[in-house]
Structure formats: structure tokens, C-alpha cells
$ cat query27.pdb   # PDB, C-alpha atoms, pLDDT in the B column
ATOM      1  CA  MET A   1      -1.067  12.819 -20.223  1.00 94.00           C
ATOM      2  CA  LYS A   2       0.933   9.843 -18.952  1.00 97.00           C
ATOM      3  CA  LEU A   3       1.284   8.556 -15.393  1.00 97.00           C
ATOM      4  CA  ALA A   4       4.950   9.584 -15.579  1.00 97.00           C
ATOM      5  CA  ASP A   5       3.845  13.231 -15.871  1.00 97.00           C
ATOM      6  CA  ILE A   6       2.143  13.286 -12.461  1.00 97.00           C
ATOM      7  CA  ILE A   7       5.000  11.878 -10.339  1.00 97.00           C
ATOM      8  CA  GLU A   8       6.898  14.339  -8.165  1.00 97.00           C
ATOM      9  CA  THR A   9       9.306  11.942  -6.436  1.00 97.00           C
ATOM     10  CA  PHE A  10      10.378   8.302  -6.478  1.00 97.00           C
ATOM     11  CA  ILE A  11      11.426   6.797  -3.138  1.00 97.00           C
ATOM     12  CA  SER A  12      13.392   3.567  -3.259  1.00 96.00           C
ATOM     13  CA  GLY A  13      13.006   0.778  -0.740  1.00 96.00           C
ATOM     14  CA  ASP A  14      15.279  -0.590   1.967  1.00 97.00           C
ATOM     15  CA  TRP A  15      14.894  -3.953   3.692  1.00 97.00           C
ATOM     16  CA  GLY A  16      17.275  -2.992   6.489  1.00 96.00           C
ATOM     17  CA  GLU A  17      18.415  -5.491   9.118  1.00 97.00           C
ATOM     18  CA  GLU A  18      16.622  -7.818  11.495  1.00 96.00           C
ATOM     19  CA  SER A  19      18.402  -6.447  14.570  1.00 96.00           C
ATOM     20  CA  PRO A  20      19.775  -3.020  15.497  1.00 97.00           C
ATOM     21  CA  SER A  21      23.479  -2.301  15.172  1.00 97.00           C
ATOM     22  CA  SER A  22      25.744   0.712  15.290  1.00 96.00           C
ATOM     23  CA  ASP A  23      25.233   1.106  11.520  1.00 97.00           C
ATOM     24  CA  THR A  24      21.484   0.435  11.561  1.00 97.00           C
ATOM     25  CA  PRO A  25      20.102   1.732  14.874  1.00 98.00           C
ATOM     26  CA  ASN A  26      16.762   3.117  13.629  1.00 97.00           C
ATOM     27  CA  ALA A  27      13.579   1.067  13.979  1.00 97.00           C
ATOM     28  CA  VAL A  28      11.114   1.297  11.092  1.00 98.00           C
ATOM     29  CA  TYR A  29       8.207  -0.720   9.751  1.00 98.00           C
ATOM     30  CA  CYS A  30       8.916  -2.066   6.270  1.00 98.00           C
ATOM     31  CA  VAL A  31       6.024  -2.585   3.853  1.00 98.00           C
ATOM     32  CA  ARG A  32       6.443  -5.619   1.562  1.00 96.00           C
ATOM     33  CA  GLY A  33       4.334  -6.850  -1.319  1.00 94.00           C
ATOM     34  CA  ALA A  34       2.761  -9.299   1.143  1.00 94.00           C
ATOM     35  CA  ASP A  35       1.502  -6.359   3.207  1.00 96.00           C
ATOM     36  CA  ILE A  36      -0.358  -4.608   0.383  1.00 96.00           C
ATOM     37  CA  VAL A  37      -3.692  -6.415   0.722  1.00 93.00           C
ATOM     38  CA  PRO A  38      -3.764  -6.372   4.560  1.00 94.00           C
ATOM     39  CA  ILE A  39      -2.938  -2.649   4.652  1.00 95.00           C
ATOM     40  CA  THR A  40      -5.630  -1.941   2.064  1.00 91.00           C
ATOM     41  CA  ASN A  41      -7.992  -3.833   4.382  1.00 88.00           C
ATOM     42  CA  HIS A  42      -6.801  -1.684   7.298  1.00 89.00           C
ATOM     43  CA  ARG A  43      -4.814  -4.471   8.972  1.00 91.00           C
ATOM     44  CA  PHE A  44      -1.360  -3.346  10.054  1.00 95.00           C
ATOM     45  CA  ASN A  45      -0.302  -5.995  12.580  1.00 93.00           C
ATOM     46  CA  ASP A  46       1.981  -8.118  10.387  1.00 95.00           C
ATOM     47  CA  ILE A  47       4.183  -5.393   8.891  1.00 97.00           C
ATOM     48  CA  PRO A  48       7.725  -6.396   9.929  1.00 97.00           C
ATOM     49  CA  GLN A  49       9.905  -4.143  12.019  1.00 98.00           C
ATOM     50  CA  ARG A  50      13.413  -3.657  10.636  1.00 98.00           C
ATOM     51  CA  TYR A  51      16.427  -1.513  11.481  1.00 98.00           C
ATOM     52  CA  VAL A  52      17.974   0.963   9.054  1.00 98.00           C
ATOM     53  CA  CYS A  53      20.785   3.501   8.841  1.00 97.00           C
ATOM     54  CA  GLN A  54      20.340   7.238   9.313  1.00 97.00           C
ATOM     55  CA  ARG A  55      20.644   7.866   5.574  1.00 96.00           C
ATOM     56  CA  THR A  56      17.521   5.752   5.009  1.00 97.00           C
ATOM     57  CA  VAL A  57      15.673   7.703   7.688  1.00 96.00           C
ATOM     58  CA  ASP A  58      16.672  10.970   6.019  1.00 96.00           C
ATOM     59  CA  SER A  59      15.854   9.985   2.434  1.00 96.00           C
ATOM     60  CA  LYS A  60      13.421   7.059   2.330  1.00 97.00           C
ATOM     61  CA  MET A  61      10.884   7.665   5.100  1.00 97.00           C
ATOM     62  CA  LEU A  62       7.340   7.675   3.770  1.00 98.00           C
ATOM     63  CA  GLN A  63       4.552  10.080   4.619  1.00 97.00           C
ATOM     64  CA  ALA A  64       0.779  10.022   4.410  1.00 97.00           C
ATOM     65  CA  GLY A  65      -0.313  10.259   0.790  1.00 97.00           C
ATOM     66  CA  ASP A  66       2.608   8.297  -0.643  1.00 98.00           C
ATOM     67  CA  LEU A  67       1.858   5.329  -2.883  1.00 98.00           C
ATOM     68  CA  ILE A  68       3.764   2.048  -2.617  1.00 98.00           C
ATOM     69  CA  ILE A  69       4.078  -0.070  -5.779  1.00 98.00           C
ATOM     70  CA  GLU A  70       5.076  -3.740  -5.802  1.00 97.00           C
ATOM     71  CA  LYS A  71       7.732  -4.003  -8.514  1.00 95.00           C
ATOM     72  CA  SER A  72       8.929  -7.609  -7.997  1.00 92.00           C
ATOM     73  CA  GLY A  73       6.912 -10.740  -7.295  1.00 87.00           C
ATOM     74  CA  GLY A  74       3.508 -11.539  -8.685  1.00 78.00           C
ATOM     75  CA  SER A  75       2.470 -14.947 -10.014  1.00 82.00           C
ATOM     76  CA  PRO A  76       1.277 -16.442 -13.321  1.00 82.00           C
ATOM     77  CA  THR A  77      -2.215 -15.126 -12.577  1.00 87.00           C
ATOM     78  CA  GLN A  78      -1.282 -11.995 -10.614  1.00 90.00           C
ATOM     79  CA  SER A  79       0.855  -9.291 -12.127  1.00 93.00           C
ATOM     80  CA  THR A  80       3.290  -7.049 -10.355  1.00 95.00           C
ATOM     81  CA  GLY A  81       2.186  -3.439  -9.960  1.00 96.00           C
ATOM     82  CA  ARG A  82      -0.115  -3.790  -6.968  1.00 96.00           C
ATOM     83  CA  ILE A  83      -0.486  -0.509  -5.104  1.00 97.00           C
ATOM     84  CA  VAL A  84      -1.169   0.552  -1.532  1.00 97.00           C
ATOM     85  CA  TYR A  85      -1.915   4.006  -0.135  1.00 97.00           C
ATOM     86  CA  VAL A  86       0.034   5.236   2.886  1.00 97.00           C
ATOM     87  CA  SER A  87      -2.800   6.535   5.062  1.00 95.00           C
ATOM     88  CA  ASP A  88      -2.810   8.799   8.088  1.00 95.00           C
ATOM     89  CA  ASP A  89      -4.030   5.800  10.096  1.00 94.00           C
ATOM     90  CA  LEU A  90      -1.016   3.730   9.050  1.00 96.00           C
ATOM     91  CA  ILE A  91       1.418   6.508   9.999  1.00 97.00           C
ATOM     92  CA  ARG A  92      -0.327   7.084  13.338  1.00 96.00           C
ATOM     93  CA  GLU A  93      -0.245   3.401  14.248  1.00 95.00           C
ATOM     94  CA  LYS A  94       3.223   2.459  12.981  1.00 96.00           C
ATOM     95  CA  GLY A  95       5.159   5.736  12.914  1.00 94.00           C
ATOM     96  CA  ASN A  96       8.267   5.350  10.776  1.00 96.00           C
ATOM     97  CA  ILE A  97       7.426   3.595   7.498  1.00 97.00           C
ATOM     98  CA  VAL A  98       9.628   2.568   4.569  1.00 98.00           C
ATOM     99  CA  CYS A  99       8.962   0.161   1.724  1.00 98.00           C
ATOM    100  CA  SER A 100      11.027  -2.935   1.016  1.00 97.00           C
ATOM    101  CA  ASN A 101      13.498  -3.060  -1.840  1.00 93.00           C
ATOM    102  CA  PHE A 102      11.017  -5.227  -3.813  1.00 94.00           C
ATOM    103  CA  CYS A 103       8.773  -2.150  -3.883  1.00 97.00           C
ATOM    104  CA  THR A 104       9.115   1.509  -4.711  1.00 97.00           C
ATOM    105  CA  ALA A 105       7.138   4.505  -3.503  1.00 98.00           C
ATOM    106  CA  LEU A 106       5.743   7.415  -5.484  1.00 97.00           C
ATOM    107  CA  ARG A 107       4.812  10.908  -4.351  1.00 97.00           C
ATOM    108  CA  VAL A 108       2.495  12.675  -6.793  1.00 98.00           C
ATOM    109  CA  LYS A 109       2.496  16.336  -7.764  1.00 97.00           C
ATOM    110  CA  SER A 110       0.476  18.809  -5.710  1.00 96.00           C
ATOM    111  CA  GLU A 111      -2.265  19.201  -8.312  1.00 96.00           C
ATOM    112  CA  TRP A 112      -3.145  15.534  -7.934  1.00 98.00           C
ATOM    113  CA  ASN A 113      -5.044  13.938  -5.057  1.00 97.00           C
ATOM    114  CA  PRO A 114      -2.948  10.850  -4.224  1.00 97.00           C
ATOM    115  CA  LEU A 115      -6.074   8.881  -3.311  1.00 96.00           C
ATOM    116  CA  TYR A 116      -7.497   9.630  -6.748  1.00 96.00           C
ATOM    117  CA  VAL A 117      -4.282   8.304  -8.308  1.00 97.00           C
ATOM    118  CA  PHE A 118      -4.507   5.242  -6.035  1.00 96.00           C
ATOM    119  CA  TYR A 119      -8.042   4.454  -7.189  1.00 95.00           C
ATOM    120  CA  TYR A 120      -7.119   5.099 -10.822  1.00 96.00           C
ATOM    121  CA  TRP A 121      -4.062   2.817 -10.560  1.00 97.00           C
ATOM    122  CA  GLN A 122      -6.172   0.073  -8.936  1.00 94.00           C
ATOM    123  CA  ASN A 123      -8.597   0.258 -11.850  1.00 94.00           C
ATOM    124  CA  VAL A 124      -5.766  -0.025 -14.376  1.00 96.00           C
ATOM    125  CA  TYR A 125      -4.312  -2.942 -12.398  1.00 96.00           C
ATOM    126  CA  ASN A 126      -7.669  -4.746 -12.239  1.00 94.00           C
ATOM    127  CA  HIS A 127      -7.795  -4.610 -16.044  1.00 94.00           C
ATOM    128  CA  ASP A 128      -4.489  -6.572 -16.172  1.00 94.00           C
ATOM    129  CA  ALA A 129      -2.540  -3.745 -17.805  1.00 95.00           C
ATOM    130  CA  PHE A 130       0.668  -4.435 -15.896  1.00 95.00           C
ATOM    131  CA  PHE A 131       1.147  -7.900 -17.391  1.00 94.00           C
ATOM    132  CA  ASN A 132       2.295  -5.959 -20.463  1.00 94.00           C
ATOM    133  CA  PHE A 133       5.230  -4.413 -18.574  1.00 95.00           C
ATOM    134  CA  GLU A 134       6.917  -7.379 -16.917  1.00 93.00           C
ATOM    135  CA  GLY A 135      10.313  -8.970 -17.342  1.00 88.00           C
ATOM    136  CA  LYS A 136      11.750 -11.939 -15.508  1.00 75.00           C
ATOM    137  CA  THR A 137      15.110 -12.440 -13.828  1.00 70.00           C
ATOM    138  CA  SER A 138      16.070 -15.497 -11.764  1.00 69.00           C
ATOM    139  CA  GLY A 139      12.480 -16.715 -11.912  1.00 73.00           C
ATOM    140  CA  ILE A 140      11.093 -13.514 -10.345  1.00 85.00           C
ATOM    141  CA  LYS A 141       8.824 -11.234 -12.343  1.00 90.00           C
ATOM    142  CA  ASN A 142       9.861  -7.577 -12.342  1.00 93.00           C
ATOM    143  CA  LEU A 143       7.722  -4.599 -13.263  1.00 95.00           C
ATOM    144  CA  GLN A 144       9.303  -2.344 -15.885  1.00 95.00           C
ATOM    145  CA  LEU A 145       7.970   0.635 -14.002  1.00 96.00           C
ATOM    146  CA  ASP A 146       9.437   3.385 -16.183  1.00 96.00           C
ATOM    147  CA  ASN A 147       7.907   1.795 -19.280  1.00 96.00           C
ATOM    148  CA  ALA A 148       4.532   1.424 -17.579  1.00 97.00           C
ATOM    149  CA  LEU A 149       4.489   5.020 -16.346  1.00 97.00           C
ATOM    150  CA  SER A 150       5.488   6.309 -19.774  1.00 97.00           C
ATOM    151  CA  ALA A 151       2.814   4.273 -21.577  1.00 97.00           C
ATOM    152  CA  ILE A 152      -0.284   4.378 -19.364  1.00 97.00           C
ATOM    153  CA  GLU A 153      -2.591   7.338 -19.896  1.00 97.00           C
ATOM    154  CA  ILE A 154      -4.351   9.316 -17.183  1.00 96.00           C
ATOM    155  CA  GLU A 155      -6.824  12.043 -18.031  1.00 94.00           C
ATOM    156  CA  TYR A 156      -6.285  15.312 -16.246  1.00 94.00           C
ATOM    157  CA  LEU A 157      -9.168  16.360 -14.005  1.00 95.00           C
ATOM    158  CA  PRO A 158      -9.298  19.545 -11.927  1.00 96.00           C
ATOM    159  CA  LEU A 159      -8.427  18.837  -8.299  1.00 96.00           C
ATOM    160  CA  GLU A 160     -11.986  19.685  -7.250  1.00 96.00           C
ATOM    161  CA  ASN A 161     -13.327  16.901  -9.473  1.00 96.00           C
ATOM    162  CA  GLN A 162     -10.705  14.468  -8.226  1.00 96.00           C
ATOM    163  CA  ASN A 163     -11.737  15.262  -4.656  1.00 96.00           C
ATOM    164  CA  LYS A 164     -15.403  14.552  -5.420  1.00 95.00           C
ATOM    165  CA  ILE A 165     -14.551  11.165  -6.902  1.00 94.00           C
ATOM    166  CA  VAL A 166     -12.342  10.354  -3.921  1.00 94.00           C
ATOM    167  CA  ALA A 167     -15.104  11.323  -1.487  1.00 93.00           C
ATOM    168  CA  SER A 168     -17.536   8.911  -3.159  1.00 91.00           C
ATOM    169  CA  LEU A 169     -15.096   6.011  -3.369  1.00 91.00           C
ATOM    170  CA  SER A 170     -13.764   6.589   0.153  1.00 86.00           C
ATOM    171  CA  ALA A 171     -17.305   6.420   1.529  1.00 84.00           C
ATOM    172  CA  ILE A 172     -17.720   3.002  -0.079  1.00 80.00           C
ATOM    173  CA  ASP A 173     -14.351   1.876   1.296  1.00 77.00           C
ATOM    174  CA  GLU A 174     -15.352   3.026   4.784  1.00 73.00           C
ATOM    175  CA  LYS A 175     -18.513   0.905   4.654  1.00 73.00           C
ATOM    176  CA  LEU A 176     -16.477  -2.090   3.502  1.00 65.00           C
ATOM    177  CA  LYS A 177     -13.997  -1.524   6.337  1.00 66.00           C
ATOM    178  CA  ILE A 178     -16.820  -1.470   8.896  1.00 62.00           C
ATOM    179  CA  ASN A 179     -18.251  -4.690   7.433  1.00 65.00           C
ATOM    180  CA  ARG A 180     -14.832  -6.362   7.679  1.00 61.00           C
ATOM    181  CA  GLN A 181     -14.502  -5.268  11.303  1.00 60.00           C
ATOM    182  CA  ILE A 182     -17.935  -6.712  12.059  1.00 63.00           C
ATOM    183  CA  ASN A 183     -16.999  -9.994  10.374  1.00 64.00           C
ATOM    184  CA  ASP A 184     -13.699 -10.105  12.267  1.00 62.00           C
ATOM    185  CA  ASN A 185     -15.589  -9.738  15.536  1.00 60.00           C
ATOM    186  CA  LEU A 186     -18.228 -12.380  14.768  1.00 60.00           C
ATOM    187  CA  PRO A 187     -16.247 -15.343  16.212  1.00 59.00           C
ATOM    188  CA  TRP A 188     -15.779 -13.401  19.453  1.00 57.00           C
ATOM    189  CA  LEU A 189     -19.466 -12.441  19.446  1.00 54.00           C
ATOM    190  CA  ASP A 190     -20.582 -16.032  18.774  1.00 58.00           C
ATOM    191  CA  HIS A 191     -18.395 -17.227  21.651  1.00 53.00           C
ATOM    192  CA  SER A 192     -19.787 -14.549  23.987  1.00 59.00           C
ATOM    193  CA  LEU A 193     -23.381 -15.451  23.091  1.00 54.00           C
ATOM    194  CA  ALA A 194     -22.655 -19.128  23.629  1.00 55.00           C
ATOM    195  CA  MET A 195     -21.152 -18.428  27.061  1.00 58.00           C
ATOM    196  CA  ALA A 196     -24.149 -16.265  27.954  1.00 59.00           C
ATOM    197  CA  ARG A 197     -26.486 -19.144  27.067  1.00 59.00           C
ATOM    198  CA  VAL A 198     -24.428 -21.507  29.210  1.00 53.00           C
ATOM    199  CA  ARG A 199     -24.660 -19.120  32.169  1.00 60.00           C
ATOM    200  CA  ARG A 200     -28.417 -18.731  31.719  1.00 59.00           C
ATOM    201  CA  ALA A 201     -28.869 -22.496  31.524  1.00 58.00           C
ATOM    202  CA  ALA A 202     -26.903 -22.942  34.744  1.00 52.00           C
TER
END
$ encode --input "query27.pdb" --output "C-alpha cells"
Amino acid sequence: MKLADIIETFISGDWGEESPSSDTPNAVYCVRGADIVPITNHRFNDIPQRYVCQRTVDSKMLQAGDLIIEKSGGSPTQSTGRIVYVSDDLIREKGNIVCSNFCTALRVKSEWNPLYVFYYWQNVYNHDAFFNFEGKTSGIKNLQLDNALSAIEIEYLPLENQNKIVASLSAIDEKLKINRQINDNLPWLDHSLAMARVRRAA
């Protein structure tokens, strides 16, 4: 089975406009390639707000469980094809989400756990598979997504087995998220402890 066989829907991106207008009155948050790592690390603050037309709202709005793929960008040492999972937390915090036109979103078929597909895709990406499916135009690398999806294998597992794998990997991710939050708070904690020492010394 190929990755192409498990995709239900492709959702194209839209960069929208910087300011609202009569044609683009709808505020959305637009996920770029630059947002993939922060979102994966549960940091949503820097996702830009843009303004889009009603047609984009009707046809390109993302929902929890969608997968966003970076199709343009990369570097000599980093391929295109990075992926990010649209989580319930992201939707709750930001509301209306689209991806930029340098990305595309995928919605997988109902017999597939999208988080399982996310983890599987990350594993394929970490083994540098997507370097094999890149072209270049105007100095920008572009992922030949259709070719990649048609070539890369994924073994079918019953949904119950997918869910078990996701539960194990999600538990690890949750611990990593907590550790990151602790590390993010350390400067504040160090400052608070220092101030407490100053007050005690006074």
C-alpha cells in the first residue's frame, strides 16, 4: 500500500492578505513552513494572522486531525516534506486555521489514525526519503508530492493497532512537552529565586 492510498482529501493553502478588505474580511491563522517546528513543540504564538475571502473559509479551513506538509522551502541539508499535526489544542487556541500556499494539507481516510500517519511520516522524513522527490524552480526546492505519495510504502495496520502505537508515542511526546515547559520557565524561576534571596538578605 502506498501513502497515496490513504489520503481522503487534499486541501490547498492560501496566504491571504495582511489587512482585511471587502474581498478578504475573514481573519484566520496561517501555518507556514516556519511554524512547523514551533507547533510540534506546542508553541503557537508566532503563527501569523491573515485575512481571506469567504471561498477560502468554505473550502480550505483545517480541522483537528489534518496534516500540514511543507512542499516548498527546505535547505541543502533539510528536505521539504516536513509535517505538522493539527491538534485539538491548536484549534482551541487559534480557531480558524489554514495553511500557506507553500504548504498543503492532507486529510486521511477514516480507517487511519491521523496521528499514526503523522508519526509514520516523521519517521520516513527523518530517514531523508524526501530528498528523492525534490525539484527546484527559481532557487526554491519544491516537493513533488504526488510522486512521493505514489512511491512511499505504508503497511496497513488495523486501527486498533494504530491506536496502541499512537498511545505509546503520544505519552512520550507529552513527557517531552512537560520538560520543554519546565525549561521555558527556568529563567523566570531563577529570577524569582534570586529576588527571594535578595529579600531575605535585606
$ resolve_selection --input "query27.pdb" --expression "the PyMOL selection byres ((chain A and resi 86) around 6)" --output "ChimeraX atom specification"
/A:64-66,85,87
$ write_last_selection --input "query27.pdb" --atoms "C-alpha atoms" --output "PDB file, in the frame of the given file"
ATOM      1  CA  ALA A  64       0.779  10.022   4.410  1.00 97.00           C
ATOM      2  CA  GLY A  65      -0.313  10.259   0.790  1.00 97.00           C
ATOM      3  CA  ASP A  66       2.608   8.297  -0.643  1.00 98.00           C
ATOM      4  CA  TYR A  85      -1.915   4.006  -0.135  1.00 97.00           C
ATOM      5  CA  SER A  87      -2.800   6.535   5.062  1.00 95.00           C
TER       6      SER A  87
END
$ closest_residue --input "query27.pdb" --among "A:Thr104, A:Asn26, A:Thr77, A:Asn161" --to "Asp146 of chain A" --atoms "only C-alpha atoms"
A:Thr104
$ resolve_selection --input "query27.pdb" --expression "the PyMOL selection byres ((chain A and resi 73) around 8)" --output "PyMOL selection string"
chain A and resi 33+70-72+74-75+79-80+102+140-142
$ residues_around --input "query27.pdb" --residues "Tyr51 of chain A" --least-positions-apart "6" --cutoff "9 Å" --atoms "all atoms listed in the file" --output "MDAnalysis selection string"
chainID A and resid 15:21 24:29
$ resolve_selection --input "query27.pdb" --expression "the PyMOL selection byres ((chain A and resi 110) around 12)" --output "list in words"
Ile6, Ile7, Glu8, Thr9, Gly65, Asp66, Arg107, Val108, Lys109, Glu111, Trp112, Asn113, Pro114, Val117, Pro158 and Leu159 of chain A
$ closest_residue --input "query27.pdb" --among "A:Ser12, A:Ser168, A:Asn123, A:Thr137" --to "Ile152 of chain A" --atoms "only C-alpha atoms"
A:Asn123
$ closest_residue --input "query27.pdb" --among "A:Gly13, A:Met1, A:Ser170, A:Phe133" --to "Leu157 of chain A" --atoms "only C-alpha atoms"
A:Met1
$ closest_residue --input "query27.pdb" --among "A:Asp5, A:Asp14, A:Glu160, A:Asp88" --to "Cys53 of chain A" --atoms "only C-alpha atoms"
A:Asp14
$ closest_residue --input "query27.pdb" --among "A:Asp46, A:Asp89, A:Asp173, A:Asp128" --to "Gln63 of chain A" --atoms "all atoms listed in the file"
A:Asp89
$ closest_residue --input "query27.pdb" --among "A:Asp58, A:Ile11, A:Ala34, A:Pro48" --to "Leu106 of chain A" --atoms "all atoms listed in the file"
A:Ile11
